[in-house]
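J.: PDB, C-alpha atoms, file upload_16.pdb:
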ATOM      1  CA  MET U   1     -57.152  59.889  -2.527
ATOM      2  CA  ARG U   2     -54.426  62.316  -1.435
ATOM      3  CA  ALA U   3     -51.575  63.385  -3.680
ATOM      4  CA  VAL U   4     -48.123  62.029  -2.824
ATOM      5  CA  LYS U   5     -45.154  64.339  -3.305
ATOM      6  CA  THR U   6     -41.641  62.944  -3.685
ATOM      7  CA  ILE U   7     -39.289  64.699  -1.257
ATOM      8  CA  TYR U   8     -36.243  62.643  -2.158
ATOM      9  CA  GLN U   9     -35.587  59.809  -4.544
ATOM     10  CA  ARG U  10     -32.417  58.085  -5.715
ATOM     11  CA  PRO U  11     -30.916  60.119  -8.628
ATOM     12  CA  VAL U  12     -31.881  58.741 -12.060
ATOM     13  CA  VAL U  13     -28.301  58.781 -13.380
ATOM     14  CA  PHE U  14     -27.241  56.204 -10.761
ATOM     15  CA  THR U  15     -27.141  52.523 -11.742
ATOM     16  CA  ASP U  16     -28.411  49.829  -9.390
ATOM     17  CA  GLU U  17     -24.866  48.925  -8.354
ATOM     18  CA  ILE U  18     -24.135  48.910  -4.607
ATOM     19  CA  THR U  19     -21.069  51.072  -3.877
ATOM     20  CA  THR U  20     -17.821  49.542  -2.632
ATOM     21  CA  TYR U  21     -17.402  52.304  -0.047
ATOM     22  CA  CYS U  22     -17.408  51.523   3.675
ATOM     23  CA  GLY U  23     -20.435  52.501   5.763
ATOM     24  CA  GLY U  24     -20.425  56.240   6.454
ATOM     25  CA  CYS U  25     -17.867  57.123   3.754
ATOM     26  CA  GLY U  26     -18.039  60.729   2.548
ATOM     27  CA  HIS U  27     -17.414  59.625  -1.048
ATOM     28  CA  GLY U  28     -20.955  58.250  -1.192
ATOM     29  CA  ILE U  29     -22.455  61.602  -0.211
ATOM     30  CA  ILE U  30     -20.282  63.505  -2.704
ATOM     31  CA  ASN U  31     -21.087  61.032  -5.493
ATOM     32  CA  LYS U  32     -24.751  61.527  -4.708
ATOM     33  CA  ILE U  33     -24.425  65.333  -4.894
ATOM     34  CA  ILE U  34     -22.776  64.980  -8.319
ATOM     35  CA  ALA U  35     -25.557  62.623  -9.473
ATOM     36  CA  GLU U  36     -28.263  65.034  -8.276
ATOM     37  CA  LEU U  37     -26.606  67.922 -10.132
ATOM     38  CA  ILE U  38     -26.173  65.858 -13.311
ATOM     39  CA  ASP U  39     -29.915  65.142 -13.181
ATOM     40  CA  GLU U  40     -30.859  68.753 -12.394
ATOM     41  CA  MET U  41     -28.580  70.358 -14.982
ATOM     42  CA  GLU U  42     -29.192  67.629 -17.616
ATOM     43  CA  LEU U  43     -25.502  66.903 -18.138
ATOM     44  CA  ARG U  44     -25.892  63.170 -18.626
ATOM     45  CA  ASP U  45     -25.563  63.187 -22.417
ATOM     46  CA  LYS U  46     -23.031  65.978 -22.701
ATOM     47  CA  GLY U  47     -20.398  65.196 -20.127
ATOM     48  CA  VAL U  48     -17.469  63.015 -19.079
ATOM     49  CA  ILE U  49     -16.339  62.291 -15.538
ATOM     50  CA  CYS U  50     -12.635  61.560 -14.995
ATOM     51  CA  TRP U  51     -12.242  59.257 -12.004
ATOM     52  CA  PRO U  52      -9.006  58.836 -10.041
ATOM     53  CA  ILE U  53      -7.267  55.882  -8.438
ATOM     54  CA  GLY U  54      -8.381  55.384  -4.867
ATOM     55  CA  CYS U  55     -11.567  54.408  -3.093
ATOM     56  CA  SER U  56     -13.558  56.112  -5.847
ATOM     57  CA  CYS U  57     -11.872  54.251  -8.731
ATOM     58  CA  LEU U  58     -14.867  51.947  -9.185
ATOM     59  CA  SER U  59     -17.280  54.886  -9.360
ATOM     60  CA  ASP U  60     -17.684  54.428 -13.110
ATOM     61  CA  LEU U  61     -19.963  51.502 -12.220
ATOM     62  CA  TYR U  62     -22.398  53.808 -10.442
ATOM     63  CA  TYR U  63     -23.275  56.323 -13.192
ATOM     64  CA  LYS U  64     -25.096  55.835 -16.485
ATOM     65  CA  MET U  65     -22.942  58.275 -18.495
ATOM     66  CA  ASP U  66     -19.541  58.617 -20.189
ATOM     67  CA  GLN U  67     -16.639  58.159 -17.818
ATOM     68  CA  ILE U  68     -12.962  57.324 -17.795
ATOM     69  CA  MET U  69     -10.687  56.029 -15.068
ATOM     70  CA  CYS U  70      -7.369  57.849 -15.212
ATOM     71  CA  LEU U  71      -3.851  56.850 -14.193
ATOM     72  CA  HIS U  72      -2.849  57.667 -10.629
ATOM     73  CA  GLY U  73      -2.942  61.453 -10.224
ATOM     74  CA  ARG U  74      -3.262  62.095 -13.961
ATOM     75  CA  ALA U  75      -6.963  62.941 -14.116
ATOM     76  CA  PRO U  76      -6.354  66.683 -14.847
ATOM     77  CA  ALA U  77      -4.067  65.696 -17.747
ATOM     78  CA  VAL U  78      -6.726  63.372 -19.223
ATOM     79  CA  ALA U  79      -9.393  66.032 -18.689
ATOM     80  CA  THR U  80      -7.214  68.586 -20.505
ATOM     81  CA  GLY U  81      -7.234  66.379 -23.591
ATOM     82  CA  MET U  82     -10.987  65.788 -23.312
ATOM     83  CA  LYS U  83     -11.801  69.463 -22.916
ATOM     84  CA  ARG U  84      -9.476  70.696 -25.637
ATOM     85  CA  ALA U  85     -10.698  68.102 -28.132
ATOM     86  CA  ASN U  86     -14.313  68.989 -27.454
ATOM     87  CA  PRO U  87     -14.619  72.372 -25.696
ATOM     88  CA  LYS U  88     -18.428  72.146 -25.520
ATOM     89  CA  GLU U  89     -18.286  68.969 -23.481
ATOM     90  CA  PHE U  90     -18.771  69.118 -19.714
ATOM     91  CA  VAL U  91     -15.661  67.618 -18.067
ATOM     92  CA  LEU U  92     -15.521  66.851 -14.362
ATOM     93  CA  VAL U  93     -12.375  65.756 -12.548
ATOM     94  CA  TYR U  94     -12.875  63.901  -9.282
ATOM     95  CA  GLN U  95      -9.785  63.245  -7.178
ATOM     96  CA  GLY U  96      -8.913  62.149  -3.680
ATOM     97  CA  ASP U  97      -6.183  63.609  -1.517
ATOM     98  CA  GLY U  98      -3.574  60.893  -2.096
ATOM     99  CA  ASP U  99      -4.233  60.948  -5.827
ATOM    100  CA  MET U 100      -4.179  64.722  -6.295
ATOM    101  CA  VAL U 101      -1.743  66.062  -3.694
ATOM    102  CA  SER U 102       0.756  63.229  -3.650
ATOM    103  CA  GLU U 103       0.993  61.481  -7.035
ATOM    104  CA  GLY U 104      -0.669  64.128  -9.172
ATOM    105  CA  MET U 105       0.604  67.412  -7.720
ATOM    106  CA  ALA U 106       2.385  68.333 -10.972
ATOM    107  CA  GLU U 107      -0.725  67.638 -13.084
ATOM    108  CA  ILE U 108      -3.076  69.712 -10.941
ATOM    109  CA  MET U 109      -0.594  72.604 -10.715
ATOM    110  CA  HIS U 110      -0.049  72.680 -14.462
ATOM    111  CA  ALA U 111      -3.768  72.422 -15.165
ATOM    112  CA  ALA U 112      -4.178  75.505 -12.939
ATOM    113  CA  ILE U 113      -1.235  77.268 -14.636
ATOM    114  CA  ARG U 114      -2.823  76.659 -18.062
ATOM    115  CA  SER U 115      -6.253  77.688 -16.703
ATOM    116  CA  GLU U 116      -7.953  74.653 -18.199
ATOM    117  CA  LYS U 117     -11.690  75.130 -18.362
ATOM    118  CA  PHE U 118     -12.994  72.161 -16.397
ATOM    119  CA  SER U 119     -14.250  71.600 -12.840
ATOM    120  CA  ILE U 120     -12.324  69.752 -10.161
ATOM    121  CA  ILE U 121     -13.773  68.133  -7.054
ATOM    122  CA  PHE U 122     -11.085  67.335  -4.522
ATOM    123  CA  VAL U 123     -12.066  64.950  -1.719
ATOM    124  CA  ASN U 124      -9.941  65.504   1.370
ATOM    125  CA  ASN U 125     -10.222  62.846   4.067
ATOM    126  CA  ALA U 126      -6.697  63.307   5.459
ATOM    127  CA  ILE U 127      -5.674  59.691   4.785
ATOM    128  CA  TYR U 128      -5.083  57.080   2.077
ATOM    129  CA  GLY U 129      -8.326  55.152   2.340
ATOM    130  CA  MET U 130      -8.116  52.353  -0.243
ATOM    131  CA  THR U 131      -4.594  51.148   0.528
ATOM    132  CA  GLY U 132      -5.215  50.852   4.254
ATOM    133  CA  GLY U 133      -4.960  54.136   6.118
ATOM    134  CA  GLN U 134      -1.430  55.319   5.286
ATOM    135  CA  MET U 135      -0.332  58.920   5.838
ATOM    136  CA  ALA U 136      -1.313  61.299   3.023
ATOM    137  CA  PRO U 137       0.088  64.812   2.381
ATOM    138  CA  THR U 138      -3.144  66.120   3.921
ATOM    139  CA  THR U 139      -2.845  64.079   7.133
ATOM    140  CA  LEU U 140      -3.070  66.365  10.158
ATOM    141  CA  LEU U 141      -0.145  66.944  12.512
ATOM    142  CA  GLY U 142      -0.262  64.359  15.286
ATOM    143  CA  GLN U 143      -2.835  62.233  13.432
ATOM    144  CA  HIS U 144      -2.192  58.500  13.623
ATOM    145  CA  ALA U 145      -1.926  56.481  10.422
ATOM    146  CA  SER U 146      -0.558  53.030   9.622
ATOM    147  CA  THR U 147       2.678  54.623   8.329
ATOM    148  CA  ALA U 148       2.721  57.183  11.182
ATOM    149  CA  PRO U 149       2.050  55.062  14.288
ATOM    150  CA  TYR U 150       3.213  57.865  16.644
ATOM    151  CA  GLY U 151       1.329  60.582  14.728
ATOM    152  CA  ARG U 152       2.513  62.840  11.896
ATOM    153  CA  ARG U 153       5.541  64.946  12.861
ATOM    154  CA  ILE U 154       6.786  68.146  11.243
ATOM    155  CA  ASP U 155      10.478  67.160  11.309
ATOM    156  CA  SER U 156       9.978  63.988   9.281
ATOM    157  CA  SER U 157       6.810  64.579   7.207
ATOM    158  CA  GLY U 158       6.223  68.341   7.044
ATOM    159  CA  TYR U 159       2.896  70.167   7.137
ATOM    160  CA  PRO U 160      -0.592  69.318   5.838
ATOM    161  CA  VAL U 161      -1.270  70.751   2.370
ATOM    162  CA  GLN U 162      -4.124  73.279   2.120
ATOM    163  CA  MET U 163      -5.173  72.823  -1.476
ATOM    164  CA  ALA U 164      -8.082  75.293  -1.582
ATOM    165  CA  GLU U 165      -5.800  78.138  -0.418
ATOM    166  CA  LEU U 166      -3.009  76.976  -2.724
ATOM    167  CA  MET U 167      -5.329  76.930  -5.748
ATOM    168  CA  ALA U 168      -6.685  80.363  -4.799
ATOM    169  CA  THR U 169      -3.203  81.829  -5.319
ATOM    170  CA  MET U 170      -3.073  80.564  -8.933
ATOM    171  CA  PRO U 171      -4.126  83.217 -11.489
ATOM    172  CA  GLY U 172      -5.700  80.574 -13.760
ATOM    173  CA  VAL U 173      -8.177  79.437 -11.114
ATOM    174  CA  ILE U 174     -11.397  81.445 -11.078
ATOM    175  CA  TYR U 175     -13.206  79.748  -8.226
ATOM    176  CA  SER U 176     -11.902  77.932  -5.163
ATOM    177  CA  GLU U 177     -14.006  76.922  -2.187
ATOM    178  CA  ARG U 178     -13.712  74.484   0.689
ATOM    179  CA  VAL U 179     -16.858  72.737   1.922
ATOM    180  CA  ALA U 180     -17.639  69.738   4.147
ATOM    181  CA  VAL U 181     -20.270  66.982   4.118
ATOM    182  CA  ASN U 182     -20.576  66.187   7.822
ATOM    183  CA  SER U 183     -24.065  67.630   8.414
ATOM    184  CA  PRO U 184     -27.252  68.140   6.342
ATOM    185  CA  GLN U 185     -26.661  71.922   6.191
ATOM    186  CA  ARG U 186     -23.072  71.472   5.022
ATOM    187  CA  ILE U 187     -24.204  68.942   2.407
ATOM    188  CA  LEU U 188     -26.538  71.608   0.984
ATOM    189  CA  GLN U 189     -23.691  74.134   1.053
ATOM    190  CA  ALA U 190     -21.424  71.642  -0.723
ATOM    191  CA  LYS U 191     -24.080  71.090  -3.376
ATOM    192  CA  LYS U 192     -24.350  74.840  -3.902
ATOM    193  CA  ALA U 193     -20.569  75.181  -4.301
ATOM    194  CA  ILE U 194     -20.317  72.261  -6.730
ATOM    195  CA  LYS U 195     -23.265  73.624  -8.733
ATOM    196  CA  LYS U 196     -21.501  76.968  -9.022
ATOM    197  CA  ALA U 197     -18.322  75.217 -10.200
ATOM    198  CA  PHE U 198     -20.342  73.348 -12.847
ATOM    199  CA  GLN U 199     -22.061  76.538 -14.015
ATOM    200  CA  LEU U 200     -18.756  78.408 -14.331
ATOM    201  CA  GLN U 201     -17.445  75.606 -16.490
ATOM    202  CA  LEU U 202     -20.532  75.673 -18.711
ATOM    203  CA  GLU U 203     -19.976  79.419 -19.115
ATOM    204  CA  GLY U 204     -16.395  78.611 -20.185
ATOM    205  CA  LYS U 205     -14.702  80.898 -17.710
ATOM    206  CA  GLY U 206     -11.798  78.875 -16.296
ATOM    207  CA  LEU U 207     -10.771  76.267 -13.786
ATOM    208  CA  SER U 208     -13.185  75.879 -10.877
ATOM    209  CA  PHE U 209     -12.020  73.997  -7.796
ATOM    210  CA  VAL U 210     -14.041  72.660  -4.867
ATOM    211  CA  GLU U 211     -12.346  70.939  -1.940
ATOM    212  CA  VAL U 212     -14.674  68.717   0.099
ATOM    213  CA  LEU U 213     -13.752  67.598   3.623
ATOM    214  CA  SER U 214     -14.967  64.027   3.840
ATOM    215  CA  MET U 215     -15.251  61.309   6.471
ATOM    216  CA  CYS U 216     -13.175  58.117   6.428
ATOM    217  CA  PRO U 217     -14.423  56.173   9.480
ATOM    218  CA  THR U 218     -12.390  53.068   8.581
ATOM    219  CA  GLY U 219      -9.140  54.963   7.999
ATOM    220  CA  TRP U 220      -9.588  57.027  11.146
ATOM    221  CA  SER U 221     -10.623  53.926  13.167
ATOM    222  CA  THR U 222     -13.776  55.607  14.456
ATOM    223  CA  ALA U 223     -17.487  54.898  14.328
ATOM    224  CA  PRO U 224     -19.185  56.761  11.417
ATOM    225  CA  VAL U 225     -21.194  59.092  13.693
ATOM    226  CA  LYS U 226     -18.027  59.980  15.675
ATOM    227  CA  ALA U 227     -16.229  60.700  12.402
ATOM    228  CA  LEU U 228     -18.737  63.529  11.821
ATOM    229  CA  ASP U 229     -17.515  65.208  15.035
ATOM    230  CA  TRP U 230     -13.894  64.480  14.130
ATOM    231  CA  VAL U 231     -14.287  66.625  10.992
ATOM    232  CA  ASP U 232     -15.631  69.484  13.141
ATOM    233  CA  GLN U 233     -13.060  69.219  15.921
ATOM    234  CA  LYS U 234      -9.851  68.279  14.103
ATOM    235  CA  MET U 235     -10.123  69.032  10.389
ATOM    236  CA  ILE U 236     -11.979  72.337  10.170
ATOM    237  CA  PRO U 237      -9.475  74.242  12.422
ATOM    238  CA  ILE U 238      -6.686  73.236   9.997
ATOM    239  CA  TYR U 239      -8.809  73.382   6.830
ATOM    240  CA  PRO U 240     -11.181  76.364   7.343
ATOM    241  CA  LEU U 241     -14.346  76.285   5.248
ATOM    242  CA  GLY U 242     -15.437  79.029   2.889
ATOM    243  CA  VAL U 243     -14.858  80.659  -0.482
ATOM    244  CA  LYS U 244     -11.123  81.175  -0.992
ATOM    245  CA  LYS U 245     -11.364  82.809  -4.396
ATOM    246  CA  ASP U 246     -14.206  83.918  -6.636
ATOM    247  CA  VAL U 247     -13.278  86.058  -9.603
ATOM    248  CA  SER U 248     -15.944  84.596 -11.858
ATOM    249  CA  GLU U 249     -17.194  88.106 -12.658
ATOM    250  CA  GLY U 250     -15.055  89.858 -15.261
ATOM    251  CA  GLU U 251     -12.289  87.272 -15.383
ATOM    252  CA  THR U 252     -12.634  86.558 -19.103
ATOM    253  CA  VAL U 253     -12.354  90.285 -19.880
ATOM    254  CA  GLN U 254      -9.152  90.456 -17.876
ATOM    255  CA  ASN U 255      -7.745  87.489 -19.797
ATOM    256  CA  GLU U 256      -8.490  89.161 -23.128
ATOM    257  CA  GLU U 257      -6.755  92.334 -21.955
ATOM    258  CA  GLN U 258      -3.712  90.334 -20.913
ATOM    259  CA  GLU U 259      -3.632  88.569 -24.275
ATOM    260  CA  LEU U 260      -3.810  91.918 -26.085
ATOM    261  CA  GLU U 261      -0.866  93.163 -24.033
ATOM    262  CA  VAL U 262       1.152  90.074 -24.907
ATOM    263  CA  ARG U 263       0.357  90.490 -28.632
ATOM    264  CA  SER U 264       1.357  94.159 -28.594
ATOM    265  CA  LEU U 265       4.738  93.209 -27.093
TER     266      LEU U 265
ATOM    267  CA  MET L   1     -49.155  59.442   5.888
ATOM    268  CA  ASN L   2     -45.557  60.445   5.142
ATOM    269  CA  LYS L   3     -43.376  57.584   4.084
ATOM    270  CA  VAL L   4     -39.664  56.732   4.377
ATOM    271  CA  VAL L   5     -38.574  53.831   2.172
ATOM    272  CA  ILE L   6     -35.220  52.219   2.940
ATOM    273  CA  ASP L   7     -33.523  50.008   0.366
ATOM    274  CA  PHE L   8     -32.802  47.070   2.673
ATOM    275  CA  GLU L   9     -29.865  45.562   0.759
ATOM    276  CA  ARG L  10     -28.197  48.910   0.022
ATOM    277  CA  CYS L  11     -27.902  50.081   3.649
ATOM    278  CA  LYS L  12     -24.469  49.915   5.302
ATOM    279  CA  GLU L  13     -25.563  50.772   8.840
ATOM    280  CA  CYS L  14     -23.546  53.991   9.202
ATOM    281  CA  GLY L  15     -26.272  55.463  11.417
ATOM    282  CA  TYR L  16     -26.226  58.959   9.869
ATOM    283  CA  CYS L  17     -29.999  58.868   9.253
ATOM    284  CA  ILE L  18     -30.676  57.863  12.867
ATOM    285  CA  HIS L  19     -28.248  60.548  14.125
ATOM    286  CA  PHE L  20     -29.724  63.403  12.091
ATOM    287  CA  CYS L  21     -33.464  62.579  12.165
ATOM    288  CA  PRO L  22     -35.018  65.589  13.958
ATOM    289  CA  LYS L  23     -37.995  63.561  15.209
ATOM    290  CA  GLY L  24     -36.230  60.334  16.189
ATOM    291  CA  VAL L  25     -38.366  58.340  13.774
ATOM    292  CA  LEU L  26     -35.584  55.953  12.741
ATOM    293  CA  THR L  27     -34.163  53.378  15.151
ATOM    294  CA  LYS L  28     -31.494  50.707  14.927
ATOM    295  CA  GLY L  29     -32.768  47.613  13.157
ATOM    296  CA  THR L  30     -32.665  43.965  14.194
ATOM    297  CA  GLU L  31     -32.890  42.260  10.801
ATOM    298  CA  ILE L  32     -29.687  41.506   8.913
ATOM    299  CA  ASN L  33     -29.164  42.078   5.163
ATOM    300  CA  LYS L  34     -26.978  40.049   2.782
ATOM    301  CA  HIS L  35     -23.916  42.248   3.452
ATOM    302  CA  SER L  36     -24.279  41.625   7.223
ATOM    303  CA  TYR L  37     -25.594  45.087   8.134
ATOM    304  CA  TYR L  38     -28.650  45.961  10.201
ATOM    305  CA  PRO L  39     -30.711  48.595   8.332
ATOM    306  CA  PRO L  40     -32.753  50.999  10.497
ATOM    307  CA  VAL L  41     -36.438  50.575  11.222
ATOM    308  CA  VAL L  42     -38.913  53.370  10.394
ATOM    309  CA  GLY L  43     -41.287  54.362  13.184
ATOM    310  CA  GLU L  44     -44.183  56.785  13.506
ATOM    311  CA  GLY L  45     -44.142  60.590  13.339
ATOM    312  CA  CYS L  46     -42.198  61.358  10.129
ATOM    313  CA  ILE L  47     -42.522  64.990   8.971
ATOM    314  CA  ALA L  48     -40.999  64.238   5.526
ATOM    315  CA  CYS L  49     -38.127  66.719   5.898
ATOM    316  CA  GLY L  50     -35.850  64.522   3.774
ATOM    317  CA  THR L  51     -32.820  64.883   6.062
ATOM    318  CA  CYS L  52     -32.227  61.116   6.323
ATOM    319  CA  ALA L  53     -32.265  60.796   2.526
ATOM    320  CA  ARG L  54     -29.892  63.722   2.072
ATOM    321  CA  VAL L  55     -27.252  62.362   4.477
ATOM    322  CA  CYS L  56     -27.434  58.722   3.340
ATOM    323  CA  PRO L  57     -24.079  57.963   1.627
ATOM    324  CA  ASP L  58     -25.565  55.041  -0.287
ATOM    325  CA  ALA L  59     -28.674  56.815  -1.623
ATOM    326  CA  ALA L  60     -30.695  54.040  -0.020
ATOM    327  CA  ILE L  61     -33.511  56.222   1.345
ATOM    328  CA  SER L  62     -36.487  57.721  -0.488
ATOM    329  CA  VAL L  63     -38.961  60.063   1.204
ATOM    330  CA  PHE L  64     -42.547  60.691   0.127
ATOM    331  CA  LYS L  65     -44.915  63.281   1.553
ATOM    332  CA  GLU L  66     -48.674  63.009   1.488
ATOM    333  CA  GLU L  67     -50.159  66.403   0.736
ATOM    334  CA  ALA L  68     -53.241  67.560   2.609
TER     335      ALA L  68
END
As structure tokens, what does this structure read like?
T.:
Amino acid sequence: MRAVKTIYQRPVVFTDEITTYCGGCGHGIINKIIAELIDEMELRDKGVICWPIGCSCLSDLYYKMDQIMCLHGRAPAVATGMKRANPKEFVLVYQGDGDMVSEGMAEIMHAAIRSEKFSIIFVNNAIYGMTGGQMAPTTLLGQHASTAPYGRRIDSSGYPVQMAELMATMPGVIYSERVAVNSPQRILQAKKAIKKAFQLQLEGKGLSFVEVLSMCPTGWSTAPVKALDWVDQKMIPIYPLGVKKDVSEGETVQNEEQELEVRSL
Amino acid sequence: MNKVVIDFERCKECGYCIHFCPKGVLTKGTEINKHSYYPPVVGEGCIACGTCARVCPDAAISVFKEEA
């Protein structure tokens, strides 16, 4: 009898629950990456995931570990409390674009200002998915949404927010990268980026931020396979992929120097 | 033989696995599941690359490789 090798199997940390996401939703792929990393890095018994309001607000049903569902946009504030009360605990913040950039902009900015030592995964699908495809702060110029039937215009709604670049300008953020999940290669790249963010947190270095460009076939009114091309053609020119900031080497030393300067003043 | 196992009830018919399969092993299914989706059918010629499993948003696919 020949030996059978498992190439891929459903992550162990997942429950048997069927997700509430639509077919082809990027959230499912990102949730799966997180589950794979929790299994690989054995974080199941030593971590908390802070879920947002949005399509992913029922995600606590999918994982067999400690989780909390936070108020709209307030996940970084909840995670701050978690991390400060128990600094050894692994704390992951998962937020969508409506939740983070619209309702919770103050919380995410102040978490970055304070250089809180947790990881943030920001899912950018350029629309409010759960509430029915309204315009989000990350909606692209000219993109149609139920509250922008003629497309987003600069004069009335301004410009799309580039969070990965914005976070890269904050001194408290040590790692900021933008990835996508619209092809197998990019999924691997996204997993690598999220793994690095997790590792930096476990080393206690500072806030690590990963923005993930995700598909919302229902919100964009496209077929799932066409949504993959939509990410390539429309989103990536506005939201370029890549590492925006990586000062993970030597950052803690710099912080200590700064603190010494402040004390000597 | 290499084996692709699809969780019939979990599939939401997004078609990513069919789109990305390098060998065209997966094809659109004809049987309906309890959520009214048509999960794909597995054909012959799988090389057990695991691409379908990696792109599946619902973690509905498992891939097993028989070693020589």
J.: Counting only C-alpha atoms, collect the residues of chain L whose closest atom lies at most 6 Å from chain U, and write them out as an MDAnalysis selection string.
T.: chainID L and resid 12 14 57:59 62:67
J.: Can you spell out as an MDAnalysis selection string the set of residues that the PyMOL selection byres ((chain U and resi 241) around 9) selects in the structure I just provided?
T.: chainID U and resid 177:180 213 236:237 239:240 242:244
J.: Enter the distance from atom CA of Gly206 of chain U to atom CA of Phe118 of chain U, in Å, rounded to one decimal.
T.: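 Interatomic distance here is 6.8 Å.
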J.: Can you tell me how far atom CA of Ser102 of chain U sits from atom CA of Val161 of chain U, in Å to one decimal?
T.: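 Atom CA of Val161 of chain U lies 9.8 Å from atom CA of Ser102 of chain U.
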J.: Quick one: of L:Ile32, L:Ala60, L:Val25, L:Cys11, who's nearest to Ile47 of chain L, counting only C-alpha atoms?
T.: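 Between L:Ile32, L:Ala60, L:Val25, L:Cys11, the residue approaching Ile47 of chain L most closely is L:Val25.
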J.: Enumerate, as a PyMOL selection string, the residues matched when the PyMOL selection byres ((chain L and resi 29) around 7) is run on the file above.
T.: chain L and resi 27-28+30-31+38-41
J.: Given the PyMOL selection byres ((chain U and resi 61) around 9) and the file above, list the residues it selects as number ranges by chain.
T.: U: 14-15, 17, 19, 58-60, 62-64
J.: I need the residue nearest Ala136 of chain U from this list: U:Lys196, U:His110, U:Arg186, U:Arg152. Use all atoms listed in the file for the distance.
T.: U:Arg152
J.: What does the distance from atom CA of Met82 of chain U to atom CA of Ser214 of chain U come to in Å, to one decimal?
T.: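 Pair atom CA of Met82 of chain U / atom CA of Ser214 of chain U returns 27.5 Å.
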J.: Considering only C-alpha atoms, can you say which of U:Ala35, U:Ile127, U:Ile238, U:Ala193 comes closest to Val13 of chain U?
T.: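 The closest residue to Val13 of chain U is U:Ala35.
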J.: Check the smallest atom-to-atom distance from each of L:Glu9, L:Ala68, L:His35, L:Val4 to Thr51 of chain L using all atoms listed in the file, then report the winner.
T.: L:Val4
J.: Calculated over all atoms listed in the file, which of the candidates U:Thr169, U:Gln134, U:Thr80, U:Ser157 has the smallest distance to Arg114 of chain U?
T.: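 Comparing U:Thr169, U:Gln134, U:Thr80, U:Ser157 against Arg114 of chain U, the winner is U:Thr80.
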J.: Can you fill out segment 27-31 of chain L with all heavy atoms and hand it back as a PDB file, keeping the file's coordinate frame?
T.:
ATOM      1  N   THR L  27     -34.879  54.058  14.059  1.00  0.00           N
ATOM      2  CA  THR L  27     -34.163  53.378  15.151  1.00  0.00           C
ATOM      3  C   THR L  27     -33.348  52.225  14.579  1.00  0.00           C
ATOM      4  O   THR L  27     -33.596  51.759  13.469  1.00  0.00           O
ATOM      5  CB  THR L  27     -35.136  52.822  16.206  1.00  0.00           C
ATOM      6  OG1 THR L  27     -36.224  52.193  15.514  1.00  0.00           O
ATOM      7  CG2 THR L  27     -35.657  53.899  17.129  1.00  0.00           C
ATOM      8  N   LYS L  28     -32.382  51.794  15.348  1.00  0.00           N
ATOM      9  CA  LYS L  28     -31.494  50.707  14.927  1.00  0.00           C
ATOM     10  C   LYS L  28     -32.305  49.438  14.648  1.00  0.00           C
ATOM     11  O   LYS L  28     -33.202  49.079  15.420  1.00  0.00           O
ATOM     12  CB  LYS L  28     -30.490  50.454  16.059  1.00  0.00           C
ATOM     13  CG  LYS L  28     -29.162  49.942  15.589  1.00  0.00           C
ATOM     14  CD  LYS L  28     -28.178  49.992  16.739  1.00  0.00           C
ATOM     15  CE  LYS L  28     -26.838  49.356  16.488  1.00  0.00           C
ATOM     16  NZ  LYS L  28     -26.500  48.673  15.315  1.00  0.00           N
ATOM     17  N   GLY L  29     -31.991  48.781  13.548  1.00  0.00           N
ATOM     18  CA  GLY L  29     -32.768  47.613  13.157  1.00  0.00           C
ATOM     19  C   GLY L  29     -32.272  46.326  13.783  1.00  0.00           C
ATOM     20  O   GLY L  29     -31.191  46.277  14.399  1.00  0.00           O
ATOM     21  N   THR L  30     -33.053  45.275  13.638  1.00  0.00           N
ATOM     22  CA  THR L  30     -32.665  43.965  14.194  1.00  0.00           C
ATOM     23  C   THR L  30     -32.531  42.902  13.107  1.00  0.00           C
ATOM     24  O   THR L  30     -32.029  41.818  13.359  1.00  0.00           O
ATOM     25  CB  THR L  30     -33.715  43.490  15.215  1.00  0.00           C
ATOM     26  OG1 THR L  30     -35.009  43.637  14.633  1.00  0.00           O
ATOM     27  CG2 THR L  30     -33.659  44.294  16.508  1.00  0.00           C
ATOM     28  N   GLU L  31     -32.985  43.238  11.892  1.00  0.00           N
ATOM     29  CA  GLU L  31     -32.890  42.260  10.801  1.00  0.00           C
ATOM     30  C   GLU L  31     -31.619  42.494  10.004  1.00  0.00           C
ATOM     31  O   GLU L  31     -31.231  43.636   9.761  1.00  0.00           O
ATOM     32  CB  GLU L  31     -34.104  42.398   9.883  1.00  0.00           C
ATOM     33  CG  GLU L  31     -35.245  41.483  10.272  1.00  0.00           C
ATOM     34  CD  GLU L  31     -36.385  41.584   9.284  1.00  0.00           C
ATOM     35  OE1 GLU L  31     -36.227  41.074   8.165  1.00  0.00           O
ATOM     36  OE2 GLU L  31     -37.409  42.200   9.635  1.00  0.00           O
TER      37      GLU L  31
END
